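Q: Dumping the structure here so I can ask a few things about it.
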Amino acid sequence: MSQSERDNTMMTRALALAAQGRFTTTPNPNVGCVIAHGDDIVGEGFHLAPGGPHAEVHALKAAGKRAQGATAYVTLEPCSHYGRTPPCCDALIAANVSRVVCAMQDPNPKVAGRGIARLKEAGIEVVVGVMAEQAKALNPGFIKRMQTTMPYVQLKLAGSLDGRTALANGQSKWITGEPARADVQAFRAQAGAILSTSATVLADDPSLNIRNGQLPDDILDTYSQPSLRQPTRVILDKDNKTSPDATVYQLEGDVIRVVDAPSHKVWPDNVQEWVMPGASLATVLRALAEHDIDKVWVEAGARLASKLLSESLVDELIVYQAPVLLGADSRPLVALGGLETMDDAPRFHFNQVKTVGDDVRLRASLSEHAVITQEY
């Protein structure tokens, strides 16, 4: 096996390890590490949760003295600053590894090449860019927040073959089947926040939470104790139309209500009120990023979906399409207005088409170069 083939093989394993933390690491990135002598892996690990050891620390602990003279394969540049844990580049230097292969440079301004420079100063050979696109696909939210101070926005839509979400009388349960609804749970579980509106709360009284019993079997098999964290639920309720008795406020987990003025109602202790008079959607999203929310999962009606799309705030569409026709008088999936030419139409690129039970899931992003490495 050539050196480049070995590097790709080991980095593939490191990427698979990193993916195991995708339900638990936020707001930290998913990172995996493999330590090897030639073709022999002597240690490996991944970052599991904020405040816990990083991937390199787990891998070095597993390798012990065998780390000396080894190559460390890391999906993200080793950190060079003190956060909740010491710098990983210092740990690699202390372990006397001879070579470090990074998939990509860390976009965090606190790191941004400093870890690589420190390793090189210590006489360690450093290679950067092995399977970089796959590594970027593991952490779109973290990367976007670090580079733009905005979160990565996934807009979930579910409709019929003719692009409808409900009958004219509002009936919509259930357009898609149980496998598709379990699939949605898996996406929710990876988000930092779930964004919706007062209109959705009033119309459907949704939970907007993660229900472990409805997660796909492969996740339940991987996580022996699938008590996954609840994303922050964010309700746009500028006119204070919702009630503290709504299900979304009564369930476990943090909730943020974005309002134009204080409601003066008595809310459960887990509910925060952000008073942001006249705030734009971009302003709300930026505020969420400032609170370390990397990825926002949107579940709402056609009005919010259309507004996000028209303001170019959607990074990825995740559309579930059921094999059913609802007719011309039913409610549309989105309701974009003001389009006069085809050039005005938001254009996405399909990244993945997958059957989920009897339904089809489409994933489409603004970037034609997006890489989808995970099923969820």
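In the structure tokens, chains take letters A, B, ... by order of appearance, with residues numbered from 1 within each chain and ligands from 1 in the order shown.
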Which neighbours of Thr232 of chain A fall inside 10 Å, counting only C-alpha atoms, when residues of the same chain fewer than 5 positions from it are skipped, and could you give them as a list in words?
A: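 Surrounding residues, per the criterion: Ala191, Gly192, Ala193, Ile194, Leu195, Leu208, Asn209, Gly253, Asp254, Val255, Ile256, Asn270, Val271, Leu288, Ile293 and Val296 of chain A.
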Q: What's around Asp7 of chain A at 9 Å? Count only C-alpha atoms, leave out sequence neighbours fewer than 4 positions away in its own chain, and write the answer as an NGL selection string.
A: :A and (2-3 or 11-12 or 73 or 101 or 130)
Q: Taking the DSSP secondary structure from the backbone, can you list the residues of segment 201-371 of chain A that are strand (DSSP E or B), as a PDB file with N, CA, C and O atoms, in the first residue's frame?
A:
ATOM      1  N   THR A 232     -32.475  23.176  21.449  1.00  0.00           N
ATOM      2  CA  THR A 232     -33.247  24.336  21.886  1.00  0.00           C
ATOM      3  C   THR A 232     -34.363  24.594  20.876  1.00  0.00           C
ATOM      4  O   THR A 232     -34.125  24.666  19.676  1.00  0.00           O
ATOM      5  N   ARG A 233     -35.585  24.700  21.370  1.00  0.00           N
ATOM      6  CA  ARG A 233     -36.704  25.016  20.490  1.00  0.00           C
ATOM      7  C   ARG A 233     -36.885  26.532  20.461  1.00  0.00           C
ATOM      8  O   ARG A 233     -36.926  27.180  21.510  1.00  0.00           O
ATOM      9  N   VAL A 234     -36.971  27.073  19.266  1.00  0.00           N
ATOM     10  CA  VAL A 234     -37.072  28.525  19.075  1.00  0.00           C
ATOM     11  C   VAL A 234     -38.390  28.820  18.374  1.00  0.00           C
ATOM     12  O   VAL A 234     -38.642  28.339  17.269  1.00  0.00           O
ATOM     13  N   ILE A 235     -39.234  29.590  19.040  1.00  0.00           N
ATOM     14  CA  ILE A 235     -40.562  29.916  18.504  1.00  0.00           C
ATOM     15  C   ILE A 235     -40.632  31.409  18.185  1.00  0.00           C
ATOM     16  O   ILE A 235     -40.453  32.251  19.072  1.00  0.00           O
ATOM     17  N   LEU A 236     -40.869  31.718  16.929  1.00  0.00           N
ATOM     18  CA  LEU A 236     -41.059  33.109  16.517  1.00  0.00           C
ATOM     19  C   LEU A 236     -42.491  33.494  16.865  1.00  0.00           C
ATOM     20  O   LEU A 236     -43.446  33.025  16.233  1.00  0.00           O
ATOM     21  N   VAL A 255     -36.338  26.409  25.712  1.00  0.00           N
ATOM     22  CA  VAL A 255     -37.168  27.021  24.681  1.00  0.00           C
ATOM     23  C   VAL A 255     -36.899  28.517  24.680  1.00  0.00           C
ATOM     24  O   VAL A 255     -36.793  29.148  25.744  1.00  0.00           O
ATOM     25  N   ILE A 256     -36.778  29.072  23.480  1.00  0.00           N
ATOM     26  CA  ILE A 256     -36.619  30.520  23.326  1.00  0.00           C
ATOM     27  C   ILE A 256     -37.817  31.049  22.549  1.00  0.00           C
ATOM     28  O   ILE A 256     -38.149  30.543  21.479  1.00  0.00           O
ATOM     29  N   ARG A 257     -38.477  32.038  23.117  1.00  0.00           N
ATOM     30  CA  ARG A 257     -39.556  32.735  22.419  1.00  0.00           C
ATOM     31  C   ARG A 257     -39.008  34.065  21.934  1.00  0.00           C
ATOM     32  O   ARG A 257     -38.520  34.859  22.731  1.00  0.00           O
ATOM     33  N   VAL A 258     -39.092  34.328  20.633  1.00  0.00           N
ATOM     34  CA  VAL A 258     -38.630  35.596  20.069  1.00  0.00           C
ATOM     35  C   VAL A 258     -39.851  36.482  19.885  1.00  0.00           C
ATOM     36  O   VAL A 258     -40.764  36.157  19.115  1.00  0.00           O
ATOM     37  N   VAL A 259     -39.882  37.601  20.616  1.00  0.00           N
ATOM     38  CA  VAL A 259     -41.080  38.444  20.657  1.00  0.00           C
ATOM     39  C   VAL A 259     -40.705  39.905  20.406  1.00  0.00           C
ATOM     40  O   VAL A 259     -39.547  40.301  20.548  1.00  0.00           O
ATOM     41  N   VAL A 271     -38.270  28.307  29.717  1.00  0.00           N
ATOM     42  CA  VAL A 271     -38.609  29.181  28.597  1.00  0.00           C
ATOM     43  C   VAL A 271     -37.954  30.551  28.777  1.00  0.00           C
ATOM     44  O   VAL A 271     -38.173  31.226  29.788  1.00  0.00           O
ATOM     45  N   GLN A 272     -37.138  30.924  27.789  1.00  0.00           N
ATOM     46  CA  GLN A 272     -36.546  32.269  27.763  1.00  0.00           C
ATOM     47  C   GLN A 272     -37.354  33.141  26.801  1.00  0.00           C
ATOM     48  O   GLN A 272     -37.927  32.650  25.834  1.00  0.00           O
ATOM     49  N   GLU A 273     -37.340  34.431  27.072  1.00  0.00           N
ATOM     50  CA  GLU A 273     -38.021  35.380  26.189  1.00  0.00           C
ATOM     51  C   GLU A 273     -36.985  36.346  25.639  1.00  0.00           C
ATOM     52  O   GLU A 273     -36.360  37.093  26.396  1.00  0.00           O
ATOM     53  N   TRP A 274     -36.778  36.297  24.339  1.00  0.00           N
ATOM     54  CA  TRP A 274     -35.883  37.242  23.686  1.00  0.00           C
ATOM     55  C   TRP A 274     -36.728  38.369  23.098  1.00  0.00           C
ATOM     56  O   TRP A 274     -37.493  38.151  22.161  1.00  0.00           O
ATOM     57  N   VAL A 275     -36.597  39.547  23.650  1.00  0.00           N
ATOM     58  CA  VAL A 275     -37.343  40.697  23.146  1.00  0.00           C
ATOM     59  C   VAL A 275     -36.502  41.358  22.052  1.00  0.00           C
ATOM     60  O   VAL A 275     -35.482  41.985  22.319  1.00  0.00           O
ATOM     61  N   LYS A 295     -26.275  24.678  14.064  1.00  0.00           N
ATOM     62  CA  LYS A 295     -27.184  24.156  13.041  1.00  0.00           C
ATOM     63  C   LYS A 295     -28.622  24.356  13.489  1.00  0.00           C
ATOM     64  O   LYS A 295     -28.992  23.999  14.604  1.00  0.00           O
ATOM     65  N   VAL A 296     -29.430  24.926  12.594  1.00  0.00           N
ATOM     66  CA  VAL A 296     -30.847  25.194  12.882  1.00  0.00           C
ATOM     67  C   VAL A 296     -31.694  24.339  11.947  1.00  0.00           C
ATOM     68  O   VAL A 296     -31.533  24.386  10.719  1.00  0.00           O
ATOM     69  N   TRP A 297     -32.588  23.562  12.529  1.00  0.00           N
ATOM     70  CA  TRP A 297     -33.532  22.716  11.793  1.00  0.00           C
ATOM     71  C   TRP A 297     -34.879  23.424  11.804  1.00  0.00           C
ATOM     72  O   TRP A 297     -35.418  23.733  12.865  1.00  0.00           O
ATOM     73  N   VAL A 298     -35.429  23.714  10.643  1.00  0.00           N
ATOM     74  CA  VAL A 298     -36.662  24.500  10.542  1.00  0.00           C
ATOM     75  C   VAL A 298     -37.841  23.591  10.219  1.00  0.00           C
ATOM     76  O   VAL A 298     -37.822  22.860   9.223  1.00  0.00           O
ATOM     77  N   GLU A 316     -29.657  24.149   3.214  1.00  0.00           N
ATOM     78  CA  GLU A 316     -29.995  22.824   2.725  1.00  0.00           C
ATOM     79  C   GLU A 316     -31.496  22.566   2.846  1.00  0.00           C
ATOM     80  O   GLU A 316     -32.101  22.878   3.875  1.00  0.00           O
ATOM     81  N   LEU A 317     -32.063  22.035   1.788  1.00  0.00           N
ATOM     82  CA  LEU A 317     -33.449  21.586   1.800  1.00  0.00           C
ATOM     83  C   LEU A 317     -33.471  20.083   2.057  1.00  0.00           C
ATOM     84  O   LEU A 317     -32.707  19.331   1.452  1.00  0.00           O
ATOM     85  N   ILE A 318     -34.344  19.645   2.957  1.00  0.00           N
ATOM     86  CA  ILE A 318     -34.565  18.223   3.183  1.00  0.00           C
ATOM     87  C   ILE A 318     -36.059  18.007   2.992  1.00  0.00           C
ATOM     88  O   ILE A 318     -36.883  18.418   3.810  1.00  0.00           O
ATOM     89  N   VAL A 319     -36.395  17.381   1.872  1.00  0.00           N
ATOM     90  CA  VAL A 319     -37.791  17.282   1.439  1.00  0.00           C
ATOM     91  C   VAL A 319     -38.227  15.820   1.435  1.00  0.00           C
ATOM     92  O   VAL A 319     -37.591  14.977   0.803  1.00  0.00           O
ATOM     93  N   TYR A 320     -39.303  15.548   2.153  1.00  0.00           N
ATOM     94  CA  TYR A 320     -39.906  14.219   2.152  1.00  0.00           C
ATOM     95  C   TYR A 320     -41.119  14.259   1.224  1.00  0.00           C
ATOM     96  O   TYR A 320     -42.013  15.090   1.402  1.00  0.00           O
ATOM     97  N   GLN A 321     -41.118  13.378   0.253  1.00  0.00           N
ATOM     98  CA  GLN A 321     -42.199  13.370  -0.733  1.00  0.00           C
ATOM     99  C   GLN A 321     -42.939  12.039  -0.650  1.00  0.00           C
ATOM    100  O   GLN A 321     -42.344  10.968  -0.784  1.00  0.00           O
ATOM    101  N   ARG A 331     -53.059  22.826   0.314  1.00  0.00           N
ATOM    102  CA  ARG A 331     -52.096  23.865   0.699  1.00  0.00           C
ATOM    103  C   ARG A 331     -50.717  23.586   0.103  1.00  0.00           C
ATOM    104  O   ARG A 331     -50.240  22.456   0.139  1.00  0.00           O
ATOM    105  N   PRO A 332     -50.045  24.639  -0.423  1.00  0.00           N
ATOM    106  CA  PRO A 332     -48.768  24.423  -1.108  1.00  0.00           C
ATOM    107  C   PRO A 332     -47.606  24.212  -0.136  1.00  0.00           C
ATOM    108  O   PRO A 332     -47.646  24.652   1.015  1.00  0.00           O
ATOM    109  N   HIS A 349     -28.992  22.265  -5.598  1.00  0.00           N
ATOM    110  CA  HIS A 349     -28.360  21.125  -6.265  1.00  0.00           C
ATOM    111  C   HIS A 349     -28.655  19.871  -5.454  1.00  0.00           C
ATOM    112  O   HIS A 349     -28.411  19.840  -4.249  1.00  0.00           O
ATOM    113  N   PHE A 350     -29.184  18.844  -6.116  1.00  0.00           N
ATOM    114  CA  PHE A 350     -29.468  17.598  -5.413  1.00  0.00           C
ATOM    115  C   PHE A 350     -28.169  16.922  -4.987  1.00  0.00           C
ATOM    116  O   PHE A 350     -27.246  16.764  -5.770  1.00  0.00           O
ATOM    117  N   ASN A 351     -28.120  16.528  -3.713  1.00  0.00           N
ATOM    118  CA  ASN A 351     -26.967  15.826  -3.177  1.00  0.00           C
ATOM    119  C   ASN A 351     -27.282  14.370  -2.857  1.00  0.00           C
ATOM    120  O   ASN A 351     -26.380  13.537  -2.831  1.00  0.00           O
ATOM    121  N   GLN A 352     -28.560  14.092  -2.594  1.00  0.00           N
ATOM    122  CA  GLN A 352     -28.920  12.739  -2.208  1.00  0.00           C
ATOM    123  C   GLN A 352     -30.409  12.505  -2.455  1.00  0.00           C
ATOM    124  O   GLN A 352     -31.236  13.381  -2.192  1.00  0.00           O
ATOM    125  N   VAL A 353     -30.722  11.344  -2.990  1.00  0.00           N
ATOM    126  CA  VAL A 353     -32.104  10.904  -3.140  1.00  0.00           C
ATOM    127  C   VAL A 353     -32.178   9.517  -2.511  1.00  0.00           C
ATOM    128  O   VAL A 353     -31.423   8.623  -2.884  1.00  0.00           O
ATOM    129  N   LYS A 354     -33.084   9.348  -1.545  1.00  0.00           N
ATOM    130  CA  LYS A 354     -33.127   8.105  -0.784  1.00  0.00           C
ATOM    131  C   LYS A 354     -34.573   7.738  -0.476  1.00  0.00           C
ATOM    132  O   LYS A 354     -35.374   8.601  -0.119  1.00  0.00           O
ATOM    133  N   THR A 355     -34.902   6.473  -0.612  1.00  0.00           N
ATOM    134  CA  THR A 355     -36.224   6.024  -0.188  1.00  0.00           C
ATOM    135  C   THR A 355     -36.214   5.780   1.318  1.00  0.00           C
ATOM    136  O   THR A 355     -35.265   5.219   1.865  1.00  0.00           O
ATOM    137  N   VAL A 356     -37.245   6.256   1.974  1.00  0.00           N
ATOM    138  CA  VAL A 356     -37.415   6.067   3.415  1.00  0.00           C
ATOM    139  C   VAL A 356     -38.810   5.486   3.606  1.00  0.00           C
ATOM    140  O   VAL A 356     -39.805   6.208   3.556  1.00  0.00           O
ATOM    141  N   ASP A 359     -41.765   6.538   1.263  1.00  0.00           N
ATOM    142  CA  ASP A 359     -41.539   7.915   0.839  1.00  0.00           C
ATOM    143  C   ASP A 359     -40.141   8.087   0.242  1.00  0.00           C
ATOM    144  O   ASP A 359     -39.296   7.208   0.331  1.00  0.00           O
ATOM    145  N   VAL A 360     -39.915   9.258  -0.329  1.00  0.00           N
ATOM    146  CA  VAL A 360     -38.609   9.614  -0.872  1.00  0.00           C
ATOM    147  C   VAL A 360     -38.086  10.834  -0.131  1.00  0.00           C
ATOM    148  O   VAL A 360     -38.841  11.779   0.132  1.00  0.00           O
ATOM    149  N   ARG A 361     -36.812  10.782   0.260  1.00  0.00           N
ATOM    150  CA  ARG A 361     -36.180  11.949   0.886  1.00  0.00           C
ATOM    151  C   ARG A 361     -35.181  12.559  -0.085  1.00  0.00           C
ATOM    152  O   ARG A 361     -34.294  11.871  -0.588  1.00  0.00           O
ATOM    153  N   LEU A 362     -35.336  13.842  -0.332  1.00  0.00           N
ATOM    154  CA  LEU A 362     -34.435  14.592  -1.196  1.00  0.00           C
ATOM    155  C   LEU A 362     -33.606  15.536  -0.350  1.00  0.00           C
ATOM    156  O   LEU A 362     -34.139  16.239   0.518  1.00  0.00           O
ATOM    157  N   ARG A 363     -32.308  15.540  -0.586  1.00  0.00           N
ATOM    158  CA  ARG A 363     -31.443  16.529   0.066  1.00  0.00           C
ATOM    159  C   ARG A 363     -30.823  17.403  -1.017  1.00  0.00           C
ATOM    160  O   ARG A 363     -30.244  16.901  -1.988  1.00  0.00           O
ATOM    161  N   ALA A 364     -30.965  18.699  -0.867  1.00  0.00           N
ATOM    162  CA  ALA A 364     -30.459  19.629  -1.865  1.00  0.00           C
ATOM    163  C   ALA A 364     -29.819  20.815  -1.160  1.00  0.00           C
ATOM    164  O   ALA A 364     -30.316  21.288  -0.139  1.00  0.00           O
ATOM    165  N   SER A 365     -28.701  21.286  -1.690  1.00  0.00           N
ATOM    166  CA  SER A 365     -27.991  22.399  -1.059  1.00  0.00           C
ATOM    167  C   SER A 365     -27.708  23.486  -2.078  1.00  0.00           C
ATOM    168  O   SER A 365     -27.820  23.276  -3.295  1.00  0.00           O
TER     169      SER A 365
END
Q: What's the 7 Å shell around Val111 of chain A, counting only C-alpha atoms, without same-chain residues fewer than 2 positions away, as a list in words?
A: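 In the requested format, the answer is Cys79, Ser80, His81, Asp106, Asn108, Pro109, Gly113, Arg114 and Gly115 of chain A.
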Q: Generate a file of the selected residues that holds N, CA, C and O atoms, formatted as a PDB file, in the first residue's frame.
A:
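So the final result, stored in out-v9.pdb, reads:
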ATOM      1  N   CYS A  79      -6.295  21.345  18.177  1.00  0.00           N
ATOM      2  CA  CYS A  79      -6.439  22.671  18.786  1.00  0.00           C
ATOM      3  C   CYS A  79      -5.132  23.110  19.431  1.00  0.00           C
ATOM      4  O   CYS A  79      -4.326  22.295  19.876  1.00  0.00           O
ATOM      5  N   SER A  80      -4.956  24.433  19.482  1.00  0.00           N
ATOM      6  CA  SER A  80      -3.708  24.995  20.014  1.00  0.00           C
ATOM      7  C   SER A  80      -3.958  25.931  21.184  1.00  0.00           C
ATOM      8  O   SER A  80      -3.040  26.603  21.651  1.00  0.00           O
ATOM      9  N   HIS A  81      -5.192  25.982  21.679  1.00  0.00           N
ATOM     10  CA  HIS A  81      -5.536  26.923  22.744  1.00  0.00           C
ATOM     11  C   HIS A  81      -6.166  26.179  23.919  1.00  0.00           C
ATOM     12  O   HIS A  81      -6.645  25.054  23.780  1.00  0.00           O
ATOM     13  N   ASP A 106      -8.556  24.065  10.972  1.00  0.00           N
ATOM     14  CA  ASP A 106      -9.675  24.468  11.818  1.00  0.00           C
ATOM     15  C   ASP A 106     -10.100  25.890  11.457  1.00  0.00           C
ATOM     16  O   ASP A 106      -9.274  26.809  11.457  1.00  0.00           O
ATOM     17  N   ASN A 108     -11.888  27.785  13.254  1.00  0.00           N
ATOM     18  CA  ASN A 108     -11.996  28.576  14.484  1.00  0.00           C
ATOM     19  C   ASN A 108     -10.853  29.579  14.531  1.00  0.00           C
ATOM     20  O   ASN A 108      -9.682  29.192  14.480  1.00  0.00           O
ATOM     21  N   PRO A 109     -11.150  30.885  14.622  1.00  0.00           N
ATOM     22  CA  PRO A 109     -10.080  31.887  14.658  1.00  0.00           C
ATOM     23  C   PRO A 109      -9.077  31.668  15.793  1.00  0.00           C
ATOM     24  O   PRO A 109      -7.938  32.125  15.709  1.00  0.00           O
ATOM     25  N   GLY A 113      -4.735  27.380  11.957  1.00  0.00           N
ATOM     26  CA  GLY A 113      -3.363  27.168  11.519  1.00  0.00           C
ATOM     27  C   GLY A 113      -2.331  27.178  12.624  1.00  0.00           C
ATOM     28  O   GLY A 113      -1.186  26.738  12.416  1.00  0.00           O
ATOM     29  N   ARG A 114      -2.694  27.652  13.801  1.00  0.00           N
ATOM     30  CA  ARG A 114      -1.722  27.732  14.895  1.00  0.00           C
ATOM     31  C   ARG A 114      -1.312  26.346  15.389  1.00  0.00           C
ATOM     32  O   ARG A 114      -0.159  26.132  15.777  1.00  0.00           O
ATOM     33  N   GLY A 115      -2.266  25.411  15.392  1.00  0.00           N
ATOM     34  CA  GLY A 115      -1.935  24.060  15.810  1.00  0.00           C
ATOM     35  C   GLY A 115      -0.961  23.408  14.852  1.00  0.00           C
ATOM     36  O   GLY A 115      -0.004  22.744  15.268  1.00  0.00           O
TER      37      GLY A 115
END
Q: Could you list, as an MDAnalysis selection string, every residue within 12 Å of Met1 of chain A, counting only C-alpha atoms and ignoring same-chain residues fewer than 6 positions away?
A: chainID A and resid 7:10 38:39
Q: Just how far from atom CA of Pro27 of chain A is atom CA of Glu311 of chain A, in Å to one decimal?
A: 25.2 Å
Q: For the helix (DSSP H, G or I) assignment from backbone DSSP, which residues of segment 42-257 of chain A qualify? Please present them as a PyMOL selection string.
A: chain A and resi 55-67+88-94+114-121+132-138+140-148+178-190+198-204+212-214+217-222+247-250
Q: Take the residues from that selection and put them in a file with C-alpha atoms, as a PDB file, in the first residue's frame.
A:
ATOM      1  CA  ALA A  55     -10.408  12.788  19.873  1.00  0.00           C
ATOM      2  CA  GLU A  56      -6.619  13.008  20.040  1.00  0.00           C
ATOM      3  CA  VAL A  57      -6.597  12.511  23.811  1.00  0.00           C
ATOM      4  CA  HIS A  58      -8.733   9.372  23.550  1.00  0.00           C
ATOM      5  CA  ALA A  59      -6.521   7.991  20.774  1.00  0.00           C
ATOM      6  CA  LEU A  60      -3.273   8.766  22.592  1.00  0.00           C
ATOM      7  CA  LYS A  61      -4.557   7.138  25.756  1.00  0.00           C
ATOM      8  CA  ALA A  62      -5.427   3.999  23.796  1.00  0.00           C
ATOM      9  CA  ALA A  63      -2.038   3.980  22.078  1.00  0.00           C
ATOM     10  CA  GLY A  64       0.057   4.607  25.203  1.00  0.00           C
ATOM     11  CA  LYS A  65       3.795   4.298  24.522  1.00  0.00           C
ATOM     12  CA  ARG A  66       3.036   2.966  21.045  1.00  0.00           C
ATOM     13  CA  ALA A  67       2.249   6.528  19.979  1.00  0.00           C
ATOM     14  CA  CYS A  88      -4.267  18.725  21.641  1.00  0.00           C
ATOM     15  CA  CYS A  89      -1.213  19.733  19.621  1.00  0.00           C
ATOM     16  CA  ASP A  90       0.765  19.801  22.895  1.00  0.00           C
ATOM     17  CA  ALA A  91      -0.453  16.285  23.704  1.00  0.00           C
ATOM     18  CA  LEU A  92       0.698  15.019  20.305  1.00  0.00           C
ATOM     19  CA  ILE A  93       4.077  16.675  20.740  1.00  0.00           C
ATOM     20  CA  ALA A  94       4.502  15.199  24.218  1.00  0.00           C
ATOM     21  CA  ARG A 114      -1.722  27.732  14.895  1.00  0.00           C
ATOM     22  CA  GLY A 115      -1.935  24.060  15.810  1.00  0.00           C
ATOM     23  CA  ILE A 116      -0.305  23.068  12.545  1.00  0.00           C
ATOM     24  CA  ALA A 117       2.442  25.659  13.034  1.00  0.00           C
ATOM     25  CA  ARG A 118       3.162  24.445  16.564  1.00  0.00           C
ATOM     26  CA  LEU A 119       3.474  20.839  15.392  1.00  0.00           C
ATOM     27  CA  LYS A 120       5.875  21.861  12.636  1.00  0.00           C
ATOM     28  CA  GLU A 121       7.949  23.927  15.073  1.00  0.00           C
ATOM     29  CA  ALA A 132     -10.858  17.543   3.151  1.00  0.00           C
ATOM     30  CA  GLU A 133     -14.284  17.682   1.476  1.00  0.00           C
ATOM     31  CA  GLN A 134     -15.528  14.687   3.445  1.00  0.00           C
ATOM     32  CA  ALA A 135     -14.262  16.280   6.651  1.00  0.00           C
ATOM     33  CA  LYS A 136     -16.057  19.533   5.850  1.00  0.00           C
ATOM     34  CA  ALA A 137     -19.296  17.614   5.300  1.00  0.00           C
ATOM     35  CA  LEU A 138     -19.109  16.337   8.887  1.00  0.00           C
ATOM     36  CA  PRO A 140     -21.189  22.238   8.122  1.00  0.00           C
ATOM     37  CA  GLY A 141     -22.709  24.083  11.076  1.00  0.00           C
ATOM     38  CA  PHE A 142     -19.466  24.577  12.977  1.00  0.00           C
ATOM     39  CA  ILE A 143     -17.631  25.685   9.837  1.00  0.00           C
ATOM     40  CA  LYS A 144     -20.313  28.137   8.764  1.00  0.00           C
ATOM     41  CA  ARG A 145     -20.624  29.670  12.233  1.00  0.00           C
ATOM     42  CA  MET A 146     -16.866  30.157  12.476  1.00  0.00           C
ATOM     43  CA  GLN A 147     -16.575  31.645   8.991  1.00  0.00           C
ATOM     44  CA  THR A 148     -19.723  33.774   8.803  1.00  0.00           C
ATOM     45  CA  GLU A 178     -43.561   6.263  10.181  1.00  0.00           C
ATOM     46  CA  PRO A 179     -40.064   5.607   8.733  1.00  0.00           C
ATOM     47  CA  ALA A 180     -39.937   9.177   7.400  1.00  0.00           C
ATOM     48  CA  ARG A 181     -41.042  10.562  10.756  1.00  0.00           C
ATOM     49  CA  ALA A 182     -38.308   8.543  12.483  1.00  0.00           C
ATOM     50  CA  ASP A 183     -35.859   9.929   9.937  1.00  0.00           C
ATOM     51  CA  VAL A 184     -36.886  13.454  10.947  1.00  0.00           C
ATOM     52  CA  GLN A 185     -36.138  12.588  14.570  1.00  0.00           C
ATOM     53  CA  ALA A 186     -32.560  11.711  13.581  1.00  0.00           C
ATOM     54  CA  PHE A 187     -32.076  15.073  11.881  1.00  0.00           C
ATOM     55  CA  ARG A 188     -33.580  16.914  14.844  1.00  0.00           C
ATOM     56  CA  ALA A 189     -31.170  15.096  17.153  1.00  0.00           C
ATOM     57  CA  GLN A 190     -28.191  16.601  15.332  1.00  0.00           C
ATOM     58  CA  SER A 198     -46.512  30.740  16.649  1.00  0.00           C
ATOM     59  CA  ALA A 199     -48.756  29.819  13.707  1.00  0.00           C
ATOM     60  CA  THR A 200     -47.464  26.246  13.782  1.00  0.00           C
ATOM     61  CA  VAL A 201     -47.806  26.055  17.572  1.00  0.00           C
ATOM     62  CA  LEU A 202     -51.392  27.309  17.424  1.00  0.00           C
ATOM     63  CA  ALA A 203     -52.389  25.103  14.491  1.00  0.00           C
ATOM     64  CA  ASP A 204     -50.712  21.810  15.462  1.00  0.00           C
ATOM     65  CA  ASN A 212     -36.034   8.373  21.631  1.00  0.00           C
ATOM     66  CA  GLY A 213     -38.606   5.697  20.950  1.00  0.00           C
ATOM     67  CA  GLN A 214     -39.127   7.048  17.433  1.00  0.00           C
ATOM     68  CA  ASP A 217     -33.158   1.437  14.888  1.00  0.00           C
ATOM     69  CA  ASP A 218     -29.549   1.935  13.804  1.00  0.00           C
ATOM     70  CA  ILE A 219     -29.224   4.926  16.133  1.00  0.00           C
ATOM     71  CA  LEU A 220     -30.828   3.099  19.032  1.00  0.00           C
ATOM     72  CA  ASP A 221     -28.430   0.195  18.409  1.00  0.00           C
ATOM     73  CA  THR A 222     -25.390   2.506  18.360  1.00  0.00           C
ATOM     74  CA  THR A 247     -46.989  21.390  24.561  1.00  0.00           C
ATOM     75  CA  VAL A 248     -43.759  22.846  23.193  1.00  0.00           C
ATOM     76  CA  TYR A 249     -43.272  24.838  26.425  1.00  0.00           C
ATOM     77  CA  GLN A 250     -44.260  22.058  28.797  1.00  0.00           C
TER      78      GLN A 250
END
Q: Rank nothing, just name the residue among A:Ala287, A:Leu326, A:Leu281, A:Gly129 nearest to Leu304 of chain A, using only C-alpha atoms.
A: A:Leu281
Q: Using Å and a single decimal, report how far atom CA of Ile124 of chain A sits from atom CA of Gln20 of chain A.
A: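 Atom CA of Ile124 of chain A lies at a distance of 28.2 Å from atom CA of Gln20 of chain A.
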